[in-house]
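What follows is a set of notes on a single structure, which appears directly below.
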Amino acid sequence: MIRARDLVKKFGDFAAVKSISFEVERGEIFAFLGPNGAGKTTTIKMLTTLLKPTSGSVELDGLDPVSQQSEVRKRFGIVFQDPSLDDELTAYENMDFHGTLYRVPRKLRQERIALLLNLFELWDRRNDPVKQFSGGMKRRLEIARSLLHTPRIIFLDEPTIGLDPQTRNQLWTHVKKLNEEEQVTVFLTTHYMEEAERVAQRIAVIDHGAIVGQGSPDELKRQTNAETLEGAFLALTGSTIRQEDASGLDQMRNMARAWRGSRR
Amino acid sequence: MNAVYVMWIRQLKRYSRSRARIVGSLGQPILFLLGLGFGFGSIYQRAGQGNYIQFLAPGVVAMTVLFSSVFSGIELIWDRQFGFLKETLVAPVPRLAIMIGRTLGGATVAVLQGLIVVIICLIAGFRVTSVGALPMMMVYMILTAILFTAFGTAVASLLSDFQGFQLVMNFLIMPMFFLSGALFPLTNVPRLLEIVATFNPLSYGVDGLRLALIGVGHFGASMDLAVLSALVVIVLILGGYLFSRIQL
């Protein structure tokens with residue numbers, strides 16, 4: 001379903017991703033793990049047409065994200081690391097906006113929206129503006145939205161960041177259910193090892209832009225003689241803490257957060 | 001096409017829901033109209049120029065359209081910050097369609113704001129020469145609105161945070177407004193000011209509106225229309241290009 005071969009991305013002199021190769025099978029849940037700044041998001045951006053690889057090749061459902069951008073975009077749904085909803089619109093309007101943008105025919109669109117909002121337990125709140133939603137509800141809405149156009153693959157980039165254990169638990173239950181019912185291939189990243197262990201059939205660990213381990217959770221543990229996946233992860237990536245400069249965007253987000261907080 | 005439509009309708013929905021914005025953005029034009037209009041009215045009259053409110057009102061309408069459009073365009077930074085931009089940029093639609101939809105949505109909002117100010121001007125004592133002037137007024141308002149929304153979008157495509165926003169407002173938008181002939185006639189001004197005003201896009205919007213509403217103009221209708229239309233095309237192309245280059 002997803003195939004990356006010798007994928008490289010350089011920003012100037014800095015190689016964010018250095019020749020990585022991996023494959024994700026149809027219907028599989030695949031976890032992509034790595035410390036901050038390891039190259040996870042850069043890789044996702046290359047898989048999802050947002051960045052052009054410097055060299056190497058990517059295939060999604062047999063298509064090339066660089067030359068067949070529009071076709072590829074119809075085939076995946078994505079939940080970004082940070083929120084991407086319109087807070088001023090209602091949950092239903094956010095869904096409807098997405099459906100129209102992806103040219104889902106009206107009748108099907110209404111059916112899918114009802115189905116997904118019910119599945120993610122948001123139907124009762126469909127006419128409330130998203131700004132009234134909690135973090136967990138927003139996340140659920142984003143996942144529901146990413147599935148609206150019946151994609152073959154969904155990318156979940158740290159979808160559980162900042163959520164409480166209950167919400168995280170419920171979210172993964174939904175994802176697993178969808179994976180089984182709709183046969184969606186799931187490509188996820190997370191910092192919570194127990195989540196990866198619970199939901200993912202296969203895992204790749206990336207560090208400093210290179211893949212340092214790949215296999216099922218059990219295989220990774222065996223390779224590193226670790227008791228837990230967290231142990232295996234630390235054995236593969238070392239225990240030094242990574243420095244990641246806040247980008248201008250992050251700084252601005254923090255400012256906005258502080259500003260909005262002080263108004264309340 | 002449906003991408004253009006959803007982007008457009010989204011802007012309108014957002015606008016209709018933010019009453020604070022509708023009311024807030026009317027404060028400035030009202031202040032200008034009342035403060036300057038009545039404040040300078042008698043001096044203007046004594047200088048033999050007639051009724052200042054008559055002269056000023058089209059300028060204030062143009063100002064409203066200018067600020068509202070640039071703001072709508074700049075709102076792109078907001079969308080980028082709160083993440084919504086990503087949702088539109090990974091969709092299987094051309095970026096140009098998204099940019100056009102945004103621009104038309106922002107321009108529609110700006111025209112609506114302009115119309116509200118026209119009504120306020122009428123209440124304040126402004127009188128249009130004839131009802132037949134209104135279609136031409138709409139044409140100038142729409143052109144000005146599209147021009148400056150696309151301009152705002154182009155600028156916002158280059159900025160990644162709001163720190164640059166003040167710079168744009170104070171060094172581009174405010175001068176554009178003050179040096180446009182919105183507040184004073186361009187006849188008999190110092191040569192330098194006249195040259196600056198000639199190269200100021202807003203001058204043509206102000207001039208067109210004044211020509212349509214009270215039949216007094218500086219550059220002439222064909223000049224106003226030609227300059228505005230040409231600029232709309234240029235800025236839309238430029239904005240579309242810069243928008244297509246946004247990296248997330």
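In the structure tokens, chains take the letters A, B, ... in the order shown, each chain's residues start at 1, and ligands count up from 1 in the order shown.
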
Check which residues of chain A sit at most 6 Å from chain B using only C-alpha atoms, and return one row each with the closest pair of atoms and their distance in Å to one decimal, ordered by chain and rising number, as a tab-separated table.
```
residue	atom	partner	partner_atom	distance
A:Ser70	CA	B:Pro92	CA	4.7
A:Arg73	CA	B:Pro92	CA	5.2
A:Lys74	CA	B:Pro92	CA	5.9
A:Pro83	CA	B:Gly83	CA	5.6
A:Ser84	CA	B:Gly83	CA	4.1
A:Leu85	CA	B:Phe84	CA	5.3
A:Asp86	CA	B:Phe84	CA	5.8
A:Leu101	CA	B:Ala3	CA	5.4
```

Store the residues picked out above in a file with N, CA and C atoms, as a short mmCIF file (atom, residue, chain, number, x, y, z; two decimals), in the first residue's frame.
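As a result, result.cif now contains:
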```
data_model
loop_
_atom_site.label_atom_id
_atom_site.label_comp_id
_atom_site.auth_asym_id
_atom_site.auth_seq_id
_atom_site.Cartn_x
_atom_site.Cartn_y
_atom_site.Cartn_z
N SER A 70 -2.92 14.73 -7.38
CA SER A 70 -4.35 14.82 -7.11
C SER A 70 -4.97 13.44 -6.84
N ARG A 73 -3.96 12.27 -3.44
CA ARG A 73 -4.65 12.98 -2.36
C ARG A 73 -6.05 12.43 -2.11
N LYS A 74 -6.70 11.92 -3.14
CA LYS A 74 -8.03 11.34 -2.95
C LYS A 74 -7.96 10.06 -2.14
N PRO A 83 -3.98 20.84 15.43
CA PRO A 83 -5.36 20.88 14.94
C PRO A 83 -5.51 21.54 13.57
N SER A 84 -6.51 21.12 12.84
CA SER A 84 -6.73 21.71 11.52
C SER A 84 -8.22 21.88 11.23
N LEU A 85 -8.98 22.16 12.30
CA LEU A 85 -10.41 22.39 12.12
C LEU A 85 -10.67 23.89 12.05
N ASP A 86 -11.81 24.25 11.48
CA ASP A 86 -12.23 25.65 11.54
C ASP A 86 -13.10 25.81 12.78
N LEU A 101 -15.10 19.55 -0.64
CA LEU A 101 -13.76 19.74 -1.18
C LEU A 101 -13.25 18.46 -1.87
#
```

Neighbouring residues of Phe165 of chain B were defined as those with any atom within 10 Å, considering only C-alpha atoms; residues of the same chain fewer than 4 positions away were excluded. Please report them as a ChimeraX atom specification.
/B:71,74,77,155-156,159-161,169-171

Next, the residues of the selection above should be written as an mmCIF file, in the first residue's frame with N, CA and C atoms.
```cif
data_model
loop_
_atom_site.group_PDB
_atom_site.id
_atom_site.type_symbol
_atom_site.label_atom_id
_atom_site.label_comp_id
_atom_site.auth_asym_id
_atom_site.auth_seq_id
_atom_site.Cartn_x
_atom_site.Cartn_y
_atom_site.Cartn_z
ATOM 1 N N PHE B 71 -7.543 42.878 5.474
ATOM 2 C CA PHE B 71 -7.654 42.036 6.656
ATOM 3 C C PHE B 71 -8.097 40.617 6.292
ATOM 4 N N ILE B 74 -5.165 38.868 4.872
ATOM 5 C CA ILE B 74 -4.163 38.579 5.903
ATOM 6 C C ILE B 74 -4.637 37.452 6.824
ATOM 7 N N ILE B 77 -2.933 34.129 7.523
ATOM 8 C CA ILE B 77 -1.954 33.833 8.579
ATOM 9 C C ILE B 77 -2.661 33.129 9.732
ATOM 10 N N VAL B 155 0.534 38.973 0.420
ATOM 11 C CA VAL B 155 1.421 39.356 1.522
ATOM 12 C C VAL B 155 1.439 38.260 2.586
ATOM 13 N N ALA B 156 0.232 37.759 2.923
ATOM 14 C CA ALA B 156 0.141 36.743 3.975
ATOM 15 C C ALA B 156 0.858 35.462 3.573
ATOM 16 N N LEU B 159 4.318 35.857 4.811
ATOM 17 C CA LEU B 159 4.541 36.013 6.247
ATOM 18 C C LEU B 159 4.178 34.730 6.959
ATOM 19 N N SER B 160 4.977 34.356 7.979
ATOM 20 C CA SER B 160 4.570 33.176 8.719
ATOM 21 C C SER B 160 4.023 33.534 10.087
ATOM 22 N N ASP B 161 4.134 34.797 10.496
ATOM 23 C CA ASP B 161 3.503 35.164 11.765
ATOM 24 C C ASP B 161 3.014 36.607 11.723
ATOM 25 N N MET B 169 0.697 46.940 7.830
ATOM 26 C CA MET B 169 -0.336 47.937 8.094
ATOM 27 C C MET B 169 0.254 49.349 8.105
ATOM 28 N N ASN B 170 1.369 49.525 8.861
ATOM 29 C CA ASN B 170 1.873 50.879 9.054
ATOM 30 C C ASN B 170 2.660 51.421 7.870
ATOM 31 N N PHE B 171 3.290 50.541 7.117
ATOM 32 C CA PHE B 171 4.124 51.043 6.034
ATOM 33 C C PHE B 171 3.520 50.852 4.653
#
```

Counting only C-alpha atoms, figure out which residue out of B:Gly48, B:Gly37, B:Gly132, B:Pro29 gets nearest to Thr64 of chain B.
B:Pro29

What is the distance, in Å and to one decimal place, between atom CA of Glu230 of chain A and atom CA of Ala31 of chain A?
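Distance between the two atoms: 13.5 Å.
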
According to DSSP computed on the backbone, where in segment 111-243 of chain A is there helix (DSSP H, G or I)? Give the residues as a PyMOL selection string.
chain A and resi 111-119+123-125+130-132+135-146+165-181+193-199+217-224+229-237

Those same residues, written as a PDB file, in the first residue's frame with C-alpha atoms?
```pdb
ATOM      1  CA  GLU A 111     -24.783   9.333   4.850  1.00  0.00           C
ATOM      2  CA  ARG A 112     -21.070   9.184   5.588  1.00  0.00           C
ATOM      3  CA  ILE A 113     -21.192  12.221   7.857  1.00  0.00           C
ATOM      4  CA  ALA A 114     -24.043  10.695   9.881  1.00  0.00           C
ATOM      5  CA  LEU A 115     -22.268   7.348  10.035  1.00  0.00           C
ATOM      6  CA  LEU A 116     -18.920   8.761  11.119  1.00  0.00           C
ATOM      7  CA  LEU A 117     -20.247  11.337  13.568  1.00  0.00           C
ATOM      8  CA  ASN A 118     -22.288   8.602  15.204  1.00  0.00           C
ATOM      9  CA  LEU A 119     -19.328   6.279  15.283  1.00  0.00           C
ATOM     10  CA  TRP A 123     -23.686  13.276  16.341  1.00  0.00           C
ATOM     11  CA  ASP A 124     -25.489  14.959  19.250  1.00  0.00           C
ATOM     12  CA  ARG A 125     -23.051  17.856  19.088  1.00  0.00           C
ATOM     13  CA  VAL A 130     -16.014  23.453  17.155  1.00  0.00           C
ATOM     14  CA  LYS A 131     -14.597  26.147  19.437  1.00  0.00           C
ATOM     15  CA  GLN A 132     -16.814  24.736  22.189  1.00  0.00           C
ATOM     16  CA  GLY A 135      -9.358  18.526  22.848  1.00  0.00           C
ATOM     17  CA  GLY A 136     -10.537  14.926  22.693  1.00  0.00           C
ATOM     18  CA  MET A 137     -13.692  15.804  20.792  1.00  0.00           C
ATOM     19  CA  LYS A 138     -11.716  17.829  18.271  1.00  0.00           C
ATOM     20  CA  ARG A 139      -9.394  14.902  17.725  1.00  0.00           C
ATOM     21  CA  ARG A 140     -12.297  12.553  17.187  1.00  0.00           C
ATOM     22  CA  LEU A 141     -13.844  14.982  14.748  1.00  0.00           C
ATOM     23  CA  GLU A 142     -10.589  15.233  12.834  1.00  0.00           C
ATOM     24  CA  ILE A 143     -10.325  11.482  12.537  1.00  0.00           C
ATOM     25  CA  ALA A 144     -13.964  11.229  11.467  1.00  0.00           C
ATOM     26  CA  ARG A 145     -13.333  13.927   8.891  1.00  0.00           C
ATOM     27  CA  SER A 146     -10.222  12.247   7.534  1.00  0.00           C
ATOM     28  CA  PRO A 165      -5.905   8.131  29.011  1.00  0.00           C
ATOM     29  CA  GLN A 166      -9.661   7.564  28.639  1.00  0.00           C
ATOM     30  CA  THR A 167      -9.837   9.528  25.423  1.00  0.00           C
ATOM     31  CA  ARG A 168      -6.689   7.920  24.081  1.00  0.00           C
ATOM     32  CA  ASN A 169      -8.005   4.508  24.825  1.00  0.00           C
ATOM     33  CA  GLN A 170     -11.313   5.177  23.147  1.00  0.00           C
ATOM     34  CA  LEU A 171      -9.636   6.734  20.144  1.00  0.00           C
ATOM     35  CA  TRP A 172      -7.487   3.702  19.478  1.00  0.00           C
ATOM     36  CA  THR A 173     -10.456   1.409  19.920  1.00  0.00           C
ATOM     37  CA  HIS A 174     -12.190   3.354  17.158  1.00  0.00           C
ATOM     38  CA  VAL A 175      -9.147   3.257  14.936  1.00  0.00           C
ATOM     39  CA  LYS A 176      -8.819  -0.489  15.333  1.00  0.00           C
ATOM     40  CA  LYS A 177     -12.478  -0.979  14.621  1.00  0.00           C
ATOM     41  CA  LEU A 178     -12.261   1.109  11.461  1.00  0.00           C
ATOM     42  CA  ASN A 179      -9.187  -0.723  10.360  1.00  0.00           C
ATOM     43  CA  GLU A 180     -11.113  -3.973  10.650  1.00  0.00           C
ATOM     44  CA  GLU A 181     -14.439  -2.784   9.246  1.00  0.00           C
ATOM     45  CA  MET A 193       5.043   3.151  23.241  1.00  0.00           C
ATOM     46  CA  GLU A 194       2.257   1.192  24.880  1.00  0.00           C
ATOM     47  CA  GLU A 195      -0.150   2.587  22.274  1.00  0.00           C
ATOM     48  CA  ALA A 196       2.058   1.488  19.438  1.00  0.00           C
ATOM     49  CA  GLU A 197       2.445  -1.914  21.001  1.00  0.00           C
ATOM     50  CA  ARG A 198      -1.278  -2.262  21.444  1.00  0.00           C
ATOM     51  CA  VAL A 199      -2.505  -1.239  18.003  1.00  0.00           C
ATOM     52  CA  PRO A 217       6.686  -5.260  18.437  1.00  0.00           C
ATOM     53  CA  ASP A 218       7.847  -8.738  19.516  1.00  0.00           C
ATOM     54  CA  GLU A 219      10.576  -8.856  16.904  1.00  0.00           C
ATOM     55  CA  LEU A 220      11.889  -5.476  18.024  1.00  0.00           C
ATOM     56  CA  LYS A 221      11.951  -6.601  21.639  1.00  0.00           C
ATOM     57  CA  ARG A 222      13.770  -9.777  20.715  1.00  0.00           C
ATOM     58  CA  GLN A 223      16.342  -7.948  18.593  1.00  0.00           C
ATOM     59  CA  THR A 224      17.220  -5.644  21.471  1.00  0.00           C
ATOM     60  CA  LEU A 229       8.767  -1.778  23.560  1.00  0.00           C
ATOM     61  CA  GLU A 230       9.915   1.318  25.418  1.00  0.00           C
ATOM     62  CA  GLY A 231      13.094  -0.558  26.357  1.00  0.00           C
ATOM     63  CA  ALA A 232      13.574  -1.601  22.752  1.00  0.00           C
ATOM     64  CA  PHE A 233      12.991   1.967  21.605  1.00  0.00           C
ATOM     65  CA  LEU A 234      15.577   3.353  24.022  1.00  0.00           C
ATOM     66  CA  ALA A 235      18.042   0.631  23.075  1.00  0.00           C
ATOM     67  CA  LEU A 236      17.657   1.589  19.421  1.00  0.00           C
ATOM     68  CA  THR A 237      17.683   5.358  19.779  1.00  0.00           C
TER      69      THR A 237
END
```

Distance atom CA of Pro185 of chain B-atom CA of Ser25 of chain B, one decimal place?
25.3 Å

Tell me which protein, DNA and RNA residues are within 8 Å of segment 201-210 of chain A, counting only C-alpha atoms, leaving out same-chain ones fewer than 4 positions away, and put them as a ChimeraX atom specification.
/A:15-20,28-35,37-40,196-197,214-217,233,236-237

Residues of the last selection are to be written out with C-alpha atoms, as an mmCIF file, in the first residue's frame.
```
data_model
loop_
_atom_site.group_PDB
_atom_site.id
_atom_site.type_symbol
_atom_site.label_atom_id
_atom_site.label_comp_id
_atom_site.auth_asym_id
_atom_site.auth_seq_id
_atom_site.Cartn_x
_atom_site.Cartn_y
_atom_site.Cartn_z
ATOM 1 C CA ALA A 15 19.517 15.822 5.711
ATOM 2 C CA ALA A 16 16.252 15.386 7.612
ATOM 3 C CA VAL A 17 15.629 11.979 6.079
ATOM 4 C CA LYS A 18 18.580 9.870 4.930
ATOM 5 C CA SER A 19 17.764 7.099 2.529
ATOM 6 C CA ILE A 20 14.954 5.254 4.244
ATOM 7 C CA GLU A 28 -2.047 -3.053 8.115
ATOM 8 C CA ILE A 29 -1.595 -0.750 11.113
ATOM 9 C CA PHE A 30 1.930 0.550 10.882
ATOM 10 C CA ALA A 31 3.588 2.655 13.569
ATOM 11 C CA PHE A 32 6.398 5.018 12.792
ATOM 12 C CA LEU A 33 8.288 5.818 15.971
ATOM 13 C CA GLY A 34 11.171 8.097 16.737
ATOM 14 C CA PRO A 35 12.363 10.850 19.081
ATOM 15 C CA GLY A 37 13.225 15.734 15.233
ATOM 16 C CA ALA A 38 13.939 12.218 13.948
ATOM 17 C CA GLY A 39 12.240 12.838 10.609
ATOM 18 C CA LYS A 40 8.779 11.377 11.199
ATOM 19 C CA ALA A 196 2.058 1.488 19.438
ATOM 20 C CA GLU A 197 2.445 -1.914 21.001
ATOM 21 C CA GLN A 214 11.833 -2.517 11.834
ATOM 22 C CA GLY A 215 9.452 -5.380 12.579
ATOM 23 C CA SER A 216 6.588 -6.459 14.816
ATOM 24 C CA PRO A 217 6.686 -5.260 18.437
ATOM 25 C CA PHE A 233 12.991 1.967 21.605
ATOM 26 C CA LEU A 236 17.657 1.589 19.421
ATOM 27 C CA THR A 237 17.683 5.358 19.779
#
```

To one decimal in Å, tell me the separation between atom CA of Thr189 of chain A and atom CA of Ile161 of chain A.
10.3 Å

Identify which of the residues A:Thr190, A:Ser21, A:Thr150, A:Asn36 lies closest to Gly99 of chain A, counting only C-alpha atoms when measuring atom-to-atom distances.
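Under the stated criterion, the closest residue is A:Thr150.
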
Selected residue of minimal separation from Tyr52 of chain B among B:Met141, B:Phe184, B:Val117, B:Thr149, counting only C-alpha atoms
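Closest candidate: B:Phe184.
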
Sel. of strand (DSSP E or B) residues, segment 33-164 of chain A, as a VMD selection string
chain A and resid 33 55 to 60 63 76 to 79 90 129 153 to 157

How would the residues just picked look written out with N, CA and C atoms as a PDB file, in the first residue's frame?
```
ATOM      1  N   LEU A  33       7.884   5.241  14.696  1.00  0.00           N
ATOM      2  CA  LEU A  33       8.288   5.818  15.971  1.00  0.00           C
ATOM      3  C   LEU A  33       9.652   6.459  15.874  1.00  0.00           C
ATOM      4  N   SER A  55      15.517  12.835  -3.219  1.00  0.00           N
ATOM      5  CA  SER A  55      15.736  11.705  -4.125  1.00  0.00           C
ATOM      6  C   SER A  55      15.042  10.474  -3.548  1.00  0.00           C
ATOM      7  N   GLY A  56      15.038   9.403  -4.329  1.00  0.00           N
ATOM      8  CA  GLY A  56      14.330   8.196  -3.901  1.00  0.00           C
ATOM      9  C   GLY A  56      12.901   8.223  -4.403  1.00  0.00           C
ATOM     10  N   SER A  57      12.164   7.146  -4.117  1.00  0.00           N
ATOM     11  CA  SER A  57      10.807   7.098  -4.652  1.00  0.00           C
ATOM     12  C   SER A  57       9.801   6.689  -3.597  1.00  0.00           C
ATOM     13  N   VAL A  58       8.574   7.137  -3.792  1.00  0.00           N
ATOM     14  CA  VAL A  58       7.461   6.810  -2.909  1.00  0.00           C
ATOM     15  C   VAL A  58       6.316   6.301  -3.761  1.00  0.00           C
ATOM     16  N   GLU A  59       5.602   5.334  -3.248  1.00  0.00           N
ATOM     17  CA  GLU A  59       4.414   4.861  -3.930  1.00  0.00           C
ATOM     18  C   GLU A  59       3.285   4.734  -2.922  1.00  0.00           C
ATOM     19  N   LEU A  60       2.116   5.237  -3.287  1.00  0.00           N
ATOM     20  CA  LEU A  60       0.937   5.076  -2.452  1.00  0.00           C
ATOM     21  C   LEU A  60      -0.127   4.411  -3.296  1.00  0.00           C
ATOM     22  N   LEU A  63       0.597   4.612  -6.783  1.00  0.00           N
ATOM     23  CA  LEU A  63       0.700   5.905  -7.450  1.00  0.00           C
ATOM     24  C   LEU A  63       1.862   6.715  -6.875  1.00  0.00           C
ATOM     25  N   PHE A  76      -5.854   9.189   0.432  1.00  0.00           N
ATOM     26  CA  PHE A  76      -5.507   9.142   1.843  1.00  0.00           C
ATOM     27  C   PHE A  76      -6.271  10.199   2.634  1.00  0.00           C
ATOM     28  N   GLY A  77      -6.400   9.941   3.926  1.00  0.00           N
ATOM     29  CA  GLY A  77      -6.907  10.941   4.854  1.00  0.00           C
ATOM     30  C   GLY A  77      -5.796  11.204   5.844  1.00  0.00           C
ATOM     31  N   ILE A  78      -5.763  12.406   6.412  1.00  0.00           N
ATOM     32  CA  ILE A  78      -4.668  12.692   7.326  1.00  0.00           C
ATOM     33  C   ILE A  78      -5.160  13.465   8.541  1.00  0.00           C
ATOM     34  N   VAL A  79      -4.632  13.087   9.697  1.00  0.00           N
ATOM     35  CA  VAL A  79      -4.850  13.859  10.913  1.00  0.00           C
ATOM     36  C   VAL A  79      -3.484  14.408  11.298  1.00  0.00           C
ATOM     37  N   THR A  90     -19.421  24.699  12.671  1.00  0.00           N
ATOM     38  CA  THR A  90     -19.894  23.592  13.507  1.00  0.00           C
ATOM     39  C   THR A  90     -19.218  22.299  13.060  1.00  0.00           C
ATOM     40  N   PRO A 129     -20.573  24.854  17.429  1.00  0.00           N
ATOM     41  CA  PRO A 129     -19.302  25.302  16.852  1.00  0.00           C
ATOM     42  C   PRO A 129     -18.127  24.545  17.492  1.00  0.00           C
ATOM     43  N   ILE A 153      -5.995   4.858   2.907  1.00  0.00           N
ATOM     44  CA  ILE A 153      -4.954   4.967   3.937  1.00  0.00           C
ATOM     45  C   ILE A 153      -5.288   6.158   4.819  1.00  0.00           C
ATOM     46  N   ILE A 154      -5.085   6.019   6.139  1.00  0.00           N
ATOM     47  CA  ILE A 154      -5.080   7.258   6.929  1.00  0.00           C
ATOM     48  C   ILE A 154      -3.744   7.403   7.648  1.00  0.00           C
ATOM     49  N   PHE A 155      -3.296   8.660   7.670  1.00  0.00           N
ATOM     50  CA  PHE A 155      -2.083   9.026   8.382  1.00  0.00           C
ATOM     51  C   PHE A 155      -2.501   9.722   9.668  1.00  0.00           C
ATOM     52  N   LEU A 156      -2.000   9.199  10.778  1.00  0.00           N
ATOM     53  CA  LEU A 156      -2.286   9.831  12.071  1.00  0.00           C
ATOM     54  C   LEU A 156      -0.963  10.267  12.679  1.00  0.00           C
ATOM     55  N   ASP A 157      -0.717  11.583  12.661  1.00  0.00           N
ATOM     56  CA  ASP A 157       0.556  12.088  13.165  1.00  0.00           C
ATOM     57  C   ASP A 157       0.371  12.523  14.619  1.00  0.00           C
TER      58      ASP A 157
END
```

Test item: residues at most 10 Å from Asp207 of chain B, only C-alpha atoms, excluding those fewer than 3 positions along its chain, as a compact mmCIF listing (two decimals) with C-alpha atoms, in the first residue's frame:
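The new file selection_9.txt reads:
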```txt
# COMPACT_ATOMS: atom_id res chain seq x y z
CA PRO B 58 -16.76 57.95 -0.98
CA GLY B 59 -13.26 58.07 0.55
CA ALA B 62 -13.12 53.08 -0.04
CA TYR B 140 -15.66 49.99 -8.22
CA SER B 180 -4.92 58.29 -1.96
CA GLY B 181 -7.12 61.36 -2.20
CA ALA B 182 -9.67 59.75 0.09
CA PRO B 185 -8.83 66.54 -3.46
CA LEU B 186 -5.76 65.74 -5.55
CA LEU B 202 -6.24 52.93 -3.92
CA SER B 203 -6.39 56.39 -5.57
CA TYR B 204 -8.21 54.82 -8.49
CA ARG B 210 -16.39 59.40 -6.01
CA LEU B 211 -17.07 59.67 -9.71
CA ALA B 212 -19.89 57.14 -9.46
CA LEU B 213 -21.44 58.61 -6.34
CA GLY B 215 -19.89 62.77 -10.25
CA VAL B 216 -16.57 64.38 -9.34
CA GLY B 217 -13.31 62.71 -10.33
CA HIS B 218 -9.64 63.30 -10.90
CA PHE B 219 -8.42 60.60 -13.29
CA GLY B 220 -11.62 59.88 -15.21
CA ALA B 221 -13.77 56.75 -15.30
CA MET B 223 -8.61 55.43 -16.43
CA ASP B 224 -9.95 54.24 -13.06
CA LEU B 225 -11.52 51.14 -14.56
```

Here is a test: counting only C-alpha atoms, which residue of A:Gly27, A:Pro53, A:Gly62, A:Gly162 is nearest to Glu182 of chain A?
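Counting only C-alpha atoms, the residue closest to Glu182 of chain A is A:Gly27.
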